Amino acid sequence: MASGSQRTKQEWTGFDLVSGAASSWRVAMEYHDDRDPWTARLGLGQDHQDDVPERNAGVLGVGLGWELQGVVLDVGVLHRSIERENAPCSYEDGLIATVHVGF
């Protein structure tokens, strides 16, 4: 799977707010064998936005799904490495889990 996006600079008159032009791309893959109850997922990408202190962010996501008798459990981790000019990088990590129950 692959995706990309781009948007122009945005201005909110009356609020005196401006958001710079932005773009992003992602590539991802999923592996599942119908004979196995698990699914593995991996994705990575890059975010970019103009006129902000943290212009670039690298994105890495890893996920694992497990199906057992009509119940599916998915767990994913997202790691963003946010780059700043002349400053150390900062990081943002997220964890999400979902449970699907069939009726």
# chains A, B, ... in the order shown; residues from 1 in each chain; ligands from 1
>>> residues_around(residues="Leu64 of chain A", least_positions_apart="3", cutoff="10 Å", atoms="only C-alpha atoms", output="list in words")
Glu30, Tyr31, Trp38, Thr39, Ala40, Arg41, Leu42, Leu73, Asp74, Val75, Gly76, Val77 and Ala97 of chain A
>>> residues_around(residues="Ser19 of chain A", least_positions_apart="6", cutoff="7 Å", atoms="only C-alpha atoms", output="VMD selection string")
chain A and resid 9 to 11
>>> select_by_dssp(residues="chain A", states="strand (DSSP E)", output="MDAnalysis selection string")
chainID A and resid 2:7 10:12 17:19 22:32 38:49 56:68 71:83 90:101
>>> closest_residue(among="A:Met1, A:Glu67, A:Gln46, A:Asp36", to="Ser23 of chain A", atoms="only C-alpha atoms")
A:Gln46
>>> closest_residue(among="A:His48, A:Arg26, A:His100, A:Arg7", to="Gly65 of chain A", atoms="only C-alpha atoms")
A:His100
>>> closest_residue(among="A:Pro53, A:Gly102, A:Gly4, A:Gly14", to="Val71 of chain A", atoms="only C-alpha atoms")
A:Gly102
>>> closest_atom_pairs(of="segment 16-70 of chain A", to="segment 79-90 of chain A", cutoff="7 Å", atoms="only C-alpha atoms", output="Markdown table")
| residue | atom | partner | partner_atom | distance |
| --- | --- | --- | --- | --- |
| A:Pro53 | CA | A:Arg84 | CA | 6.3 |
| A:Glu54 | CA | A:Arg84 | CA | 4.8 |
| A:Arg55 | CA | A:Arg84 | CA | 6.7 |
| A:Asn56 | CA | A:Glu83 | CA | 5.4 |
| A:Ala57 | CA | A:Ile82 | CA | 4.2 |
| A:Gly58 | CA | A:Ser81 | CA | 5.1 |
| A:Val59 | CA | A:Arg80 | CA | 4.6 |
| A:Leu60 | CA | A:His79 | CA | 5.2 |
| A:Gly61 | CA | A:His79 | CA | 6.3 |
>>> write_last_selection(atoms="N, CA, C and O atoms", output="short mmCIF file (atom, residue, chain, number, x, y, z; two decimals), in the first residue's frame")
data_model
loop_
_atom_site.label_atom_id
_atom_site.label_comp_id
_atom_site.auth_asym_id
_atom_site.auth_seq_id
_atom_site.Cartn_x
_atom_site.Cartn_y
_atom_site.Cartn_z
N PRO A 53 8.55 25.24 13.44
CA PRO A 53 9.87 24.89 13.96
C PRO A 53 10.27 23.44 13.68
O PRO A 53 11.44 23.14 13.48
N GLU A 54 9.31 22.53 13.65
CA GLU A 54 9.60 21.11 13.41
C GLU A 54 9.07 20.76 12.03
O GLU A 54 7.95 20.29 11.87
N ARG A 55 9.89 20.98 11.02
CA ARG A 55 9.45 20.88 9.63
C ARG A 55 9.28 19.44 9.14
O ARG A 55 8.46 19.19 8.26
N ASN A 56 10.06 18.51 9.65
CA ASN A 56 10.04 17.14 9.14
C ASN A 56 9.82 16.15 10.27
O ASN A 56 10.33 16.33 11.38
N ALA A 57 9.09 15.09 9.96
CA ALA A 57 8.90 14.01 10.92
C ALA A 57 8.91 12.68 10.17
O ALA A 57 8.18 12.50 9.20
N GLY A 58 9.77 11.77 10.63
CA GLY A 58 9.78 10.41 10.10
C GLY A 58 8.79 9.56 10.89
O GLY A 58 8.64 9.74 12.09
N VAL A 59 8.09 8.68 10.21
CA VAL A 59 7.04 7.88 10.84
C VAL A 59 7.33 6.40 10.61
O VAL A 59 7.63 5.99 9.49
N LEU A 60 7.22 5.61 11.68
CA LEU A 60 7.38 4.16 11.59
C LEU A 60 6.27 3.51 12.39
O LEU A 60 6.05 3.86 13.56
N GLY A 61 5.55 2.59 11.78
CA GLY A 61 4.47 1.88 12.47
C GLY A 61 4.64 0.38 12.33
O GLY A 61 5.04 -0.12 11.28
#
>>> closest_residue(among="A:Gly45, A:Gly63, A:Pro37, A:Gly70", to="Trp25 of chain A", atoms="only C-alpha atoms")
A:Gly45
